[in-house]
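Here is the file my_file.txt (compact mmCIF, C-alpha atoms and all ligand atoms).
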# COMPACT_ATOMS: atom_id res chain seq x y z
CA MET B 23 -7.78 6.27 16.93
CA ALA B 24 -4.45 6.60 15.19
CA VAL B 25 -2.64 9.22 17.20
CA PHE B 26 0.04 7.28 19.05
CA THR B 27 2.21 10.38 19.59
CA GLU B 28 0.68 13.77 20.44
CA VAL B 29 2.05 16.68 18.41
CA ALA B 30 1.67 20.17 19.88
CA PRO B 31 0.36 22.81 17.44
CA ASP B 32 3.52 24.91 17.96
CA GLU B 33 5.71 22.04 16.86
CA ALA B 34 3.60 21.41 13.76
CA ARG B 35 3.54 25.16 13.04
CA ALA B 36 7.35 25.37 13.15
CA LEU B 37 7.74 22.40 10.79
CA LEU B 38 5.19 23.72 8.28
CA GLN B 39 6.88 27.12 8.27
CA ARG B 40 10.29 25.52 7.70
CA LEU B 41 8.83 23.57 4.75
CA ASP B 42 7.39 26.79 3.35
CA LEU B 43 3.82 25.47 3.53
CA GLY B 44 2.26 28.50 5.20
CA GLU B 45 0.84 29.41 8.59
CA LEU B 46 -0.95 26.68 10.57
CA ARG B 47 -4.68 27.30 10.98
CA GLU B 48 -5.86 23.90 12.25
CA LEU B 49 -4.29 20.63 13.38
CA ARG B 50 -6.59 17.62 13.69
CA GLY B 51 -5.71 14.03 14.69
CA ILE B 52 -6.92 11.45 12.14
CA GLN B 53 -8.98 8.56 13.47
CA GLY B 54 -8.29 6.02 10.71
CA GLY B 55 -5.17 3.96 10.08
CA ILE B 56 -3.37 1.45 12.26
CA GLU B 57 0.35 1.97 11.67
CA ASN B 58 1.29 5.59 12.17
CA THR B 59 0.29 8.83 13.86
CA ASN B 60 -1.54 11.03 11.33
CA TYR B 61 -2.79 14.61 11.53
CA PHE B 62 -4.59 16.80 9.01
CA ALA B 63 -2.87 20.21 9.00
CA THR B 64 -4.61 23.18 7.36
CA THR B 65 -2.52 26.25 6.60
CA ASP B 66 -3.26 29.48 4.75
CA ARG B 67 -1.71 27.78 1.66
CA GLY B 68 -3.43 24.40 1.63
CA GLU B 69 -4.22 21.09 3.33
CA TYR B 70 -1.58 18.57 4.32
CA VAL B 71 -1.15 15.29 6.19
CA LEU B 72 1.53 15.13 8.89
CA THR B 73 2.64 11.55 9.58
CA LEU B 74 4.90 10.38 12.40
CA PHE B 75 6.21 6.90 11.66
CA GLU B 76 5.75 4.61 14.63
CA ARG B 77 7.38 1.44 13.31
CA LEU B 78 9.52 2.40 10.34
CA HIS B 79 13.09 3.65 10.90
CA PHE B 80 14.82 6.71 9.47
CA ASP B 81 16.87 4.61 7.06
CA GLN B 82 13.81 2.81 5.62
CA LEU B 83 11.80 5.95 4.85
CA PRO B 84 13.65 7.61 1.96
CA TYR B 85 12.52 4.72 -0.26
CA TYR B 86 8.81 5.42 0.34
CA LEU B 87 9.02 9.19 0.26
CA CYS B 88 11.23 9.38 -2.81
CA LEU B 89 8.98 6.86 -4.57
CA MET B 90 5.95 9.08 -3.93
CA GLN B 91 7.87 12.09 -5.23
CA HIS B 92 9.02 10.12 -8.29
CA LEU B 93 5.46 9.05 -9.10
CA ALA B 94 4.00 12.51 -8.49
CA GLU B 95 6.60 14.01 -10.85
CA ARG B 96 5.42 11.57 -13.53
CA GLY B 97 1.77 12.55 -13.24
CA ILE B 98 0.59 9.63 -11.09
CA PRO B 99 -1.94 10.99 -8.57
CA VAL B 100 -0.13 10.36 -5.28
CA PRO B 101 0.47 12.87 -2.47
CA ALA B 102 3.77 14.67 -3.07
CA PRO B 103 5.89 14.88 0.10
CA ALA B 104 7.16 18.33 1.12
CA ALA B 105 10.91 18.94 0.98
CA ASP B 106 12.99 20.81 3.54
CA PRO B 107 14.54 23.69 1.55
CA ALA B 108 17.44 23.82 4.04
CA ILE B 109 18.68 20.39 2.92
CA HIS B 110 20.64 20.69 -0.29
CA LEU B 111 21.14 17.56 -2.31
CA ALA B 112 22.99 16.73 -5.48
CA PRO B 113 21.00 17.68 -8.60
CA MET B 114 18.69 14.99 -9.99
CA GLY B 115 21.16 14.29 -12.79
CA HIS B 116 23.56 12.77 -10.27
CA ALA B 117 21.64 9.51 -10.21
CA LEU B 118 24.23 7.63 -8.18
CA GLU B 119 24.11 10.19 -5.41
CA ARG B 120 20.29 9.99 -5.30
CA ALA B 121 20.33 6.20 -5.36
CA ALA B 122 20.57 3.66 -2.52
CA ASN B 123 20.18 5.26 0.89
CA ALA B 124 21.19 8.83 0.08
CA PRO B 125 19.89 11.47 2.56
CA CYS B 126 16.39 12.61 1.92
CA GLU B 127 15.10 16.17 2.06
CA LEU B 128 11.57 14.74 2.35
CA LEU B 129 12.20 13.14 5.75
CA HIS B 130 11.81 15.23 8.92
CA THR B 131 11.95 14.66 12.67
CA VAL B 132 9.06 15.34 15.08
CA GLN B 133 9.17 14.22 18.73
CA GLY B 134 12.34 12.30 17.88
CA LYS B 135 10.43 10.20 15.34
CA PRO B 136 10.75 10.18 11.57
CA ALA B 137 8.00 12.32 10.02
CA ALA B 138 6.69 13.47 6.64
CA VAL B 139 4.26 16.08 5.39
CA VAL B 140 2.34 15.21 2.23
CA GLN B 141 -0.44 16.85 0.24
CA LYS B 142 -3.96 15.96 1.34
CA LEU B 143 -5.81 14.28 -1.52
CA ALA B 144 -9.28 15.45 -2.46
CA GLY B 145 -12.21 13.05 -2.42
CA HIS B 146 -13.34 10.11 -0.31
CA SER B 147 -12.52 6.44 -0.04
CA GLU B 148 -15.16 4.19 -1.59
CA LEU B 149 -15.59 1.29 0.82
CA GLN B 150 -18.17 -0.45 -1.38
CA PRO B 151 -16.50 -0.29 -4.79
CA THR B 152 -18.32 -1.13 -8.00
CA ALA B 153 -16.85 -2.36 -11.28
CA ALA B 154 -16.42 1.31 -12.28
CA HIS B 155 -14.17 1.95 -9.25
CA CYS B 156 -12.22 -1.24 -9.99
CA ASN B 157 -11.74 -0.10 -13.57
CA GLU B 158 -10.22 3.20 -12.40
CA LEU B 159 -8.00 1.41 -9.90
CA GLY B 160 -6.77 -1.22 -12.39
CA ARG B 161 -5.69 1.43 -14.89
CA LEU B 162 -3.92 3.49 -12.27
CA LEU B 163 -2.11 0.45 -10.84
CA ALA B 164 -0.65 -0.46 -14.23
CA ARG B 165 0.34 3.17 -14.93
CA MET B 166 2.00 3.32 -11.54
CA HIS B 167 4.02 0.14 -12.16
CA LEU B 168 5.26 1.49 -15.48
CA ALA B 169 6.03 4.95 -14.06
CA ALA B 170 8.18 3.45 -11.29
CA ARG B 171 10.36 1.41 -13.65
CA ASP B 172 13.18 3.97 -13.58
CA PHE B 173 13.00 4.62 -9.82
CA PRO B 174 16.63 4.14 -8.74
CA ARG B 175 16.25 3.06 -5.10
CA ILE B 176 15.78 -0.58 -4.15
CA GLN B 177 14.26 -1.83 -0.91
CA PRO B 178 12.69 -5.25 -0.48
CA ASN B 179 9.03 -5.64 0.39
CA LEU B 180 9.45 -5.74 4.19
CA ARG B 181 6.24 -7.78 4.44
CA GLY B 182 7.39 -10.34 1.87
CA LEU B 183 8.24 -14.05 2.09
CA PRO B 184 11.12 -13.72 4.64
CA TRP B 185 8.73 -11.89 6.99
CA TRP B 186 6.03 -14.53 6.50
CA ASN B 187 8.59 -17.25 7.37
CA GLU B 188 9.71 -15.29 10.46
CA THR B 189 6.23 -14.40 11.70
CA THR B 190 4.40 -17.69 11.14
CA PRO B 191 6.01 -19.44 14.16
CA VAL B 192 5.11 -16.40 16.29
CA VAL B 193 1.38 -16.59 15.48
CA LEU B 194 0.99 -20.39 15.24
CA PRO B 195 0.44 -20.86 19.03
CA TYR B 196 -2.76 -18.79 18.74
CA LEU B 197 -4.34 -20.98 16.04
CA ASP B 198 -6.47 -24.10 16.20
CA ALA B 199 -5.41 -27.27 14.38
CA PRO B 200 -7.12 -26.65 11.00
CA GLN B 201 -5.83 -23.05 10.93
CA SER B 202 -2.28 -24.18 11.77
CA ALA B 203 -2.41 -26.80 9.05
CA LEU B 204 -3.59 -24.25 6.48
CA LEU B 205 -1.00 -21.66 7.48
CA GLN B 206 1.89 -24.11 7.39
CA SER B 207 0.90 -25.79 4.16
CA GLU B 208 0.34 -22.46 2.42
CA LEU B 209 3.68 -21.14 3.61
CA ALA B 210 5.39 -24.28 2.28
CA TYR B 211 3.57 -23.83 -1.05
CA GLN B 212 4.65 -20.18 -1.32
CA ASN B 213 8.29 -21.05 -0.55
CA HIS B 214 8.07 -23.64 -3.30
CA VAL B 215 6.56 -21.16 -5.78
CA ALA B 216 9.21 -18.55 -4.93
CA GLU B 217 11.97 -20.98 -5.90
CA SER B 218 10.51 -21.70 -9.33
CA PRO B 219 12.20 -20.19 -12.40
CA ALA B 220 8.80 -18.93 -13.61
CA TYR B 221 8.34 -16.91 -10.41
CA GLN B 222 11.89 -15.61 -10.47
CA ALA B 223 11.41 -14.36 -14.04
CA LEU B 224 8.26 -12.36 -13.21
CA PRO B 225 8.53 -8.64 -14.01
CA ARG B 226 9.09 -6.60 -10.89
CA GLY B 227 9.80 -3.13 -9.60
CA PRO B 228 8.53 -0.79 -6.89
CA ILE B 229 5.02 -1.81 -5.82
CA HIS B 230 2.51 -0.26 -3.39
CA ALA B 231 1.80 -3.66 -1.75
CA ASP B 232 -1.16 -2.43 0.38
CA LEU B 233 -3.46 -0.73 -2.11
CA PHE B 234 -6.73 -1.54 -0.36
CA ARG B 235 -9.96 0.38 -0.93
CA ASP B 236 -9.21 2.58 2.11
CA ASN B 237 -5.98 3.78 0.52
CA ALA B 238 -7.56 5.41 -2.54
CA MET B 239 -9.72 8.53 -2.98
CA PHE B 240 -12.50 9.15 -5.49
CA SER B 241 -14.57 12.08 -6.64
CA VAL B 242 -17.74 11.83 -8.74
CA ASP B 243 -18.06 13.67 -12.06
CA ASP B 244 -21.16 15.48 -13.32
CA ASP B 245 -22.44 12.28 -14.96
CA GLY B 246 -22.12 10.34 -11.70
CA ASN B 247 -19.00 8.43 -12.78
CA PRO B 248 -16.29 7.82 -10.18
CA HIS B 249 -12.91 9.42 -10.80
CA LEU B 250 -9.85 8.23 -8.89
CA THR B 251 -8.26 11.34 -7.36
CA GLY B 252 -5.28 9.54 -5.89
CA VAL B 253 -3.76 6.71 -3.90
CA PHE B 254 -1.79 7.05 -0.69
CA ASP B 255 -0.19 5.16 2.23
CA PHE B 256 2.93 3.90 0.46
CA TYR B 257 4.54 2.78 3.72
CA PHE B 258 4.38 -0.93 2.88
CA ALA B 259 5.81 -0.34 -0.61
CA GLY B 260 8.85 -2.29 -1.74
CA THR B 261 10.54 -3.88 -4.70
CA ASP B 262 8.54 -6.99 -5.57
CA THR B 263 6.60 -8.56 -8.43
CA TRP B 264 3.95 -6.47 -10.19
CA LEU B 265 1.73 -9.56 -10.12
CA PHE B 266 1.75 -9.64 -6.31
CA ASP B 267 0.59 -6.01 -6.23
CA LEU B 268 -2.23 -6.83 -8.66
CA ALA B 269 -3.21 -9.81 -6.48
CA VAL B 270 -3.31 -7.61 -3.34
CA CYS B 271 -5.74 -5.29 -5.13
CA LEU B 272 -7.94 -8.10 -6.47
CA ASN B 273 -8.12 -9.63 -2.99
CA ASP B 274 -9.56 -6.43 -1.58
CA TRP B 275 -11.36 -4.51 -4.34
CA ALA B 276 -12.93 -7.55 -5.99
CA ILE B 277 -13.92 -9.55 -2.90
CA ASP B 278 -17.29 -9.77 -1.20
CA LEU B 279 -16.30 -8.76 2.34
CA PRO B 280 -18.93 -10.71 4.35
CA THR B 281 -18.04 -14.05 2.72
CA GLY B 282 -14.53 -13.59 1.30
CA THR B 283 -15.84 -14.72 -2.11
CA PRO B 284 -14.38 -13.21 -5.30
CA ASP B 285 -16.79 -11.05 -7.30
CA ALA B 286 -16.48 -12.00 -10.99
CA HIS B 287 -17.70 -8.65 -12.32
CA ARG B 288 -15.28 -6.54 -10.28
CA THR B 289 -12.44 -9.01 -10.92
CA ALA B 290 -12.92 -8.69 -14.68
CA ALA B 291 -13.19 -4.88 -14.48
CA LEU B 292 -9.95 -4.53 -12.51
CA LEU B 293 -8.01 -7.08 -14.58
CA ASP B 294 -9.19 -5.78 -17.95
CA ALA B 295 -8.34 -2.22 -16.99
CA TYR B 296 -4.87 -3.24 -15.78
CA CYS B 297 -4.20 -5.33 -18.89
CA ALA B 298 -5.36 -2.52 -21.18
CA VAL B 299 -2.37 -0.50 -19.97
CA ARG B 300 0.08 -3.35 -19.27
CA PRO B 301 -0.89 -6.76 -20.60
CA LEU B 302 0.14 -9.70 -18.39
CA ASN B 303 2.74 -11.99 -19.95
CA PRO B 304 2.03 -15.78 -20.16
CA ALA B 305 4.01 -16.55 -16.97
CA GLU B 306 2.05 -13.90 -15.06
CA ARG B 307 -1.25 -15.30 -16.30
CA LYS B 308 -0.18 -18.75 -15.13
CA LEU B 309 1.03 -17.58 -11.73
CA LEU B 310 -1.88 -15.24 -10.92
CA PRO B 311 -3.78 -17.88 -8.90
CA ALA B 312 -0.65 -18.58 -6.83
CA MET B 313 -0.12 -14.86 -6.20
CA LEU B 314 -3.76 -14.45 -5.16
CA ARG B 315 -3.01 -17.07 -2.51
CA ALA B 316 0.24 -15.29 -1.59
CA ALA B 317 -1.56 -11.97 -1.14
CA ALA B 318 -4.24 -13.57 1.05
CA LEU B 319 -1.55 -15.28 3.13
CA ARG B 320 0.38 -12.03 3.59
CA PHE B 321 -2.58 -10.20 5.11
CA TRP B 322 -3.77 -13.20 7.11
CA ILE B 323 -0.34 -13.34 8.80
CA SER B 324 -0.10 -9.58 9.41
CA ARG B 325 -3.63 -9.43 10.80
CA LEU B 326 -2.92 -12.42 13.10
CA TRP B 327 0.23 -10.68 14.26
CA ASP B 328 -1.56 -7.37 14.92
CA PHE B 329 -4.45 -9.17 16.62
CA HIS B 330 -2.54 -11.48 18.95
CA LEU B 331 0.53 -9.34 19.57
CA PRO B 332 -0.84 -5.78 19.67
CA ARG B 333 1.37 -2.82 20.40
CA GLU B 334 1.15 -1.70 24.03
CA ALA B 335 0.09 1.89 23.50
CA SER B 336 -2.39 1.00 20.79
CA MET B 337 -6.05 1.88 21.35
CA LEU B 338 -6.93 0.40 18.01
CA LYS B 339 -9.36 -2.25 17.00
CA PRO B 340 -7.20 -4.58 14.89
CA HIS B 341 -8.52 -5.82 11.54
CA ASP B 342 -10.26 -9.21 11.58
CA PRO B 343 -7.74 -11.94 10.65
CA THR B 344 -10.45 -14.51 9.88
CA HIS B 345 -11.44 -12.49 6.81
CA PHE B 346 -8.17 -13.32 5.06
CA GLU B 347 -8.32 -16.90 6.29
CA ARG B 348 -11.62 -17.14 4.39
CA VAL B 349 -10.16 -15.43 1.32
CA LEU B 350 -7.18 -17.80 1.37
CA ARG B 351 -9.41 -20.89 1.65
CA GLN B 352 -11.40 -19.67 -1.38
CA ARG B 353 -8.23 -18.94 -3.36
CA VAL B 354 -6.77 -22.38 -2.55
CA ARG B 355 -9.96 -24.03 -3.75
CA GLN B 356 -9.82 -21.94 -6.92
CA LEU B 357 -6.39 -23.21 -7.88
CA ASP B 358 -8.05 -26.32 -9.25
CA ASP B 359 -10.33 -24.07 -11.23
CA PRO B 360 -8.19 -20.98 -11.93
CA ILE B 361 -10.04 -17.75 -12.38
CA HIS B 362 -10.56 -16.81 -15.95
CA VAL B 363 -7.91 -14.29 -16.95
CA ARG B 364 -9.15 -12.53 -20.03
CA PRO B 365 -6.86 -12.23 -23.04
CA PRO B 366 -4.90 -8.99 -22.85
CA LEU B 367 -6.50 -6.07 -24.62
CA GLN B 368 -4.53 -3.69 -26.80
CA ALA B 369 -2.06 -1.59 -24.79
CA ALA B 370 -3.36 1.99 -24.46
N1 LIG X 1 -2.59 12.09 1.61
C1 LIG X 1 -3.78 11.93 2.16
N2 LIG X 1 -4.85 12.62 1.71
C2 LIG X 1 -6.06 12.50 2.30
N3 LIG X 1 -6.29 11.71 3.37
C3 LIG X 1 -5.28 11.01 3.87
C4 LIG X 1 -3.97 11.06 3.30
N4 LIG X 1 -3.16 10.27 4.03
C5 LIG X 1 -3.91 9.73 5.00
N5 LIG X 1 -5.20 10.17 4.91
C6 LIG X 1 -6.32 9.84 5.82
O1 LIG X 1 -5.78 9.27 6.99
C7 LIG X 1 -6.28 7.94 7.22
C8 LIG X 1 -5.19 7.07 7.81
O2 LIG X 1 -4.09 7.03 6.91
P1 LIG X 1 -3.24 5.70 6.67
O3 LIG X 1 -2.11 6.08 5.79
O4 LIG X 1 -4.12 4.59 6.22
O5 LIG X 1 -2.72 5.41 8.14
P2 LIG X 1 -1.79 4.22 8.66
O6 LIG X 1 -0.52 4.29 7.87
O7 LIG X 1 -1.62 4.51 10.10
O8 LIG X 1 -2.53 2.95 8.41
C9 LIG X 1 -6.77 7.51 5.87
O9 LIG X 1 -7.80 6.57 5.97
C10 LIG X 1 -7.25 8.81 5.23
O10 LIG X 1 -8.54 9.12 5.66
N1 LIG X 2 -4.49 -3.03 4.63
C1 LIG X 2 -4.08 -3.82 5.75
C2 LIG X 2 -3.72 -3.01 6.94
C3 LIG X 2 -2.72 -1.93 6.70
O1 LIG X 2 -3.17 -0.81 7.36
P1 LIG X 2 -3.36 0.61 6.63
O2 LIG X 2 -4.35 1.31 7.48
O3 LIG X 2 -1.97 1.19 6.67
O4 LIG X 2 -3.84 0.38 5.22
C4 LIG X 2 -5.18 -4.80 6.17
O5 LIG X 2 -6.33 -4.54 5.81
O6 LIG X 2 -4.89 -5.76 6.87
Let's see the structure in the file written out as structure tokens.
Amino acid sequence: MAVFTEVAPDEARALLQRLDLGELRELRGIQGGIENTNYFATTDRGEYVLTLFERLHFDQLPYYLCLMQHLAERGIPVPAPAADPAIHLAPMGHALERAANAPCELLHTVQGKPAAVVQKLAGHSELQPTAAHCNELGRLLARMHLAARDFPRIQPNLRGLPWWNETTPVVLPYLDAPQSALLQSELAYQNHVAESPAYQALPRGPIHADLFRDNAMFSVDDDGNPHLTGVFDFYFAGTDTWLFDLAVCLNDWAIDLPTGTPDAHRTAALLDAYCAVRPLNPAERKLLPAMLRAAALRFWISRLWDFHLPREASMLKPHDPTHFERVLRQRVRQLDDPIHVRPPLQAA
């Protein structure tokens, strides 16, 4: 379960009233998730998600919450965080005052921990996506990248290369010889790629960085077609390359989970949909195989870390690290035979 910190109904009620979200009717701990404490809160006005952040600090959170607000204001279907009307900030026009680590009316305190209340999205996660789901996701991902271009805050991807370099020595003692060799050689390769001028010139901006199939919701229209109702869980977001974000998605949405093998049909659907909104430039097309490796490495390391060094209070079943070891091995093999990246379609 993912309730690390119990929240009493009275405390949730007081917060929801302060945020002008109505009178609490029901508060229910959410079972899913591995990072934070999450509750569904139903009021007489609507349905919300109350999150208490268990790892992130107060000063890191304005980036995520303001990014969600920024995207929601631009019509991207993400849960809008609720603001505290008692906190008065400079008007939006005062960009400098809203930039960097300015105070955030979207960030609250519950049980001494940073907390947020966001809209509950309609729909359900699709854990066995088809090409039609990948098509929806690819289009939304590209729209999201473009919509975040003028987001003024900057915060690095906290699970980026420096974290991989820091965490690899911590997990290495738990690996056998072939795993250690793979992890170390891949890390060396990614450090090498990161130094290349081609990598440094890649377009970048705010990215979600963890947009797995369990972080998106779908409904089904009258003709049976899936419709993406929104994406959530922005708490690994950061400023990084758009290509890395695309690679994270391809490594989850377009992978056969039992074997870790890429699915050509879903890969093409996601890539074509992304490129129809934002075509990849030549450097991105060249570096996609390397970023697919980077994205597999990132989640192999984080899953190893969660698996071998679990948090004390956690009652969670950590994700299987060997899955991303398999994905990485497949992606390394593919570098000699890069996946076919279709020519960009006309921008929509
Ligand atoms: N805005 C939202 N709308 C609907 N459901 C949500 C929303 N946020 C979280 N959830 C539900 O809560 C679960 C756990 O959320 P998640 O953000 O993945 O937790 P964690 O950050 O702990 O990994 C999700 O799988 C989803 O079912
Ligand atoms: N998507 C990551 C885990 C991150 O957890 P989430 O529940 O916040 O998405 C993985 O699969 O390793």
Counting only C-alpha atoms and all ligand atoms, what are the residues of chain B within 6 Å of ligand LIG 1 (chain X), and for each of them which pair of atoms is the nearest and at what distance in Å, to one decimal? Sort the table by chain and rising number, as a Markdown table.
| residue | atom | partner | partner_atom | distance |
| --- | --- | --- | --- | --- |
| B:Ile52 | CA | X:LIG1 | O1 | 5.7 |
| B:Gly54 | CA | X:LIG1 | C8 | 4.4 |
| B:Gly55 | CA | X:LIG1 | O8 | 3.3 |
| B:Ile56 | CA | X:LIG1 | O7 | 4.1 |
| B:Glu57 | CA | X:LIG1 | O7 | 3.6 |
| B:Asn58 | CA | X:LIG1 | O7 | 3.7 |
| B:Val71 | CA | X:LIG1 | N1 | 5.8 |
| B:Pro101 | CA | X:LIG1 | N1 | 5.2 |
| B:Val140 | CA | X:LIG1 | N1 | 5.9 |
| B:Gln141 | CA | X:LIG1 | N1 | 5.4 |
| B:Lys142 | CA | X:LIG1 | N2 | 3.5 |
| B:Leu143 | CA | X:LIG1 | N2 | 3.8 |
| B:Asp236 | CA | X:LIG1 | O9 | 5.7 |
| B:Phe254 | CA | X:LIG1 | N1 | 5.6 |
| B:Asp255 | CA | X:LIG1 | O3 | 4.1 |
Quiz prompt | Selection: 6 Å around His249 (chain B), all atoms listed in the file, excl. self and same-chain fewer than 3 positions, as a ChimeraX atom specification | solution = /B:240-242
Quiz item: Could you list as a PyMOL selection string every residue that has an atom within 7 Å of (-13.1, 9.8, -2.6), using the file's coordinates and counting all atoms listed in the file?
Solution: chain B and resi 144-148+239-241+251
At a cut-off of 10 Å, can you tabulate as JSON lines every residue of chain B near ligand LIG 2 (chain X) together with its closest atom pair and the distance in Å to one decimal, using all atoms listed in the file and ordering rows by chain then number?
{"residue": "B:Ala24", "atom": "CA", "partner": "X:LIG2", "partner_atom": "O2", "distance": 9.4}
{"residue": "B:Gly54", "atom": "CA", "partner": "X:LIG2", "partner_atom": "O2", "distance": 6.9}
{"residue": "B:Gly55", "atom": "CA", "partner": "X:LIG2", "partner_atom": "O2", "distance": 3.8}
{"residue": "B:Ile56", "atom": "CA", "partner": "X:LIG2", "partner_atom": "O2", "distance": 4.9}
{"residue": "B:Glu57", "atom": "CA", "partner": "X:LIG2", "partner_atom": "O3", "distance": 5.6}
{"residue": "B:Asn58", "atom": "CA", "partner": "X:LIG2", "partner_atom": "O3", "distance": 7.8}
{"residue": "B:Ala231", "atom": "CA", "partner": "X:LIG2", "partner_atom": "N1", "distance": 9.0}
{"residue": "B:Asp232", "atom": "CA", "partner": "X:LIG2", "partner_atom": "N1", "distance": 5.4}
{"residue": "B:Leu233", "atom": "CA", "partner": "X:LIG2", "partner_atom": "N1", "distance": 7.2}
{"residue": "B:Phe234", "atom": "CA", "partner": "X:LIG2", "partner_atom": "N1", "distance": 5.7}
{"residue": "B:Arg235", "atom": "CA", "partner": "X:LIG2", "partner_atom": "N1", "distance": 8.5}
{"residue": "B:Asp236", "atom": "CA", "partner": "X:LIG2", "partner_atom": "O4", "distance": 6.6}
{"residue": "B:Asn237", "atom": "CA", "partner": "X:LIG2", "partner_atom": "O4", "distance": 6.2}
{"residue": "B:Ala238", "atom": "CA", "partner": "X:LIG2", "partner_atom": "O4", "distance": 10.0}
{"residue": "B:Phe254", "atom": "CA", "partner": "X:LIG2", "partner_atom": "O4", "distance": 9.1}
{"residue": "B:Asp255", "atom": "CA", "partner": "X:LIG2", "partner_atom": "O3", "distance": 6.2}
{"residue": "B:Phe256", "atom": "CA", "partner": "X:LIG2", "partner_atom": "O3", "distance": 8.4}
{"residue": "B:Tyr257", "atom": "CA", "partner": "X:LIG2", "partner_atom": "O3", "distance": 7.3}
{"residue": "B:Phe258", "atom": "CA", "partner": "X:LIG2", "partner_atom": "O3", "distance": 7.7}
{"residue": "B:Val270", "atom": "CA", "partner": "X:LIG2", "partner_atom": "N1", "distance": 9.3}
{"residue": "B:Asp274", "atom": "CA", "partner": "X:LIG2", "partner_atom": "O5", "distance": 8.3}
{"residue": "B:Ala318", "atom": "CA", "partner": "X:LIG2", "partner_atom": "O6", "distance": 9.8}
{"residue": "B:Arg320", "atom": "CA", "partner": "X:LIG2", "partner_atom": "O6", "distance": 8.8}
{"residue": "B:Phe321", "atom": "CA", "partner": "X:LIG2", "partner_atom": "O6", "distance": 5.3}
{"residue": "B:Trp322", "atom": "CA", "partner": "X:LIG2", "partner_atom": "O6", "distance": 7.5}
{"residue": "B:Ile323", "atom": "CA", "partner": "X:LIG2", "partner_atom": "O6", "distance": 9.0}
{"residue": "B:Ser324", "atom": "CA", "partner": "X:LIG2", "partner_atom": "O6", "distance": 6.6}
{"residue": "B:Arg325", "atom": "CA", "partner": "X:LIG2", "partner_atom": "O6", "distance": 5.5}
{"residue": "B:Leu326", "atom": "CA", "partner": "X:LIG2", "partner_atom": "O6", "distance": 9.3}
{"residue": "B:Asp328", "atom": "CA", "partner": "X:LIG2", "partner_atom": "O6", "distance": 8.9}
{"residue": "B:Pro340", "atom": "CA", "partner": "X:LIG2", "partner_atom": "O6", "distance": 8.4}
{"residue": "B:His341", "atom": "CA", "partner": "X:LIG2", "partner_atom": "O6", "distance": 5.9}
{"residue": "B:Asp342", "atom": "CA", "partner": "X:LIG2", "partner_atom": "O6", "distance": 7.9}
{"residue": "B:Pro343", "atom": "CA", "partner": "X:LIG2", "partner_atom": "O6", "distance": 7.8}
{"residue": "B:His345", "atom": "CA", "partner": "X:LIG2", "partner_atom": "O6", "distance": 9.4}
{"residue": "B:Phe346", "atom": "CA", "partner": "X:LIG2", "partner_atom": "O6", "distance": 8.4}
Exercise. Write out as a list in words which residues come within 12 Å of region 211-219 of chain B when counting only C-alpha atoms, dropping same-chain ones fewer than 6 positions away.
Key: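 So the residues in contact are Gly182, Leu183, Pro184, Trp185, Trp186, Asn187, Leu204, Leu205, Asp262, Thr263, Phe266, Ala305, Lys308, Leu309, Leu310, Pro311, Ala312, Met313, Leu314, Arg315, Ala316, Ala317, Ala318, Leu319, Arg320 and Val354 of chain B.
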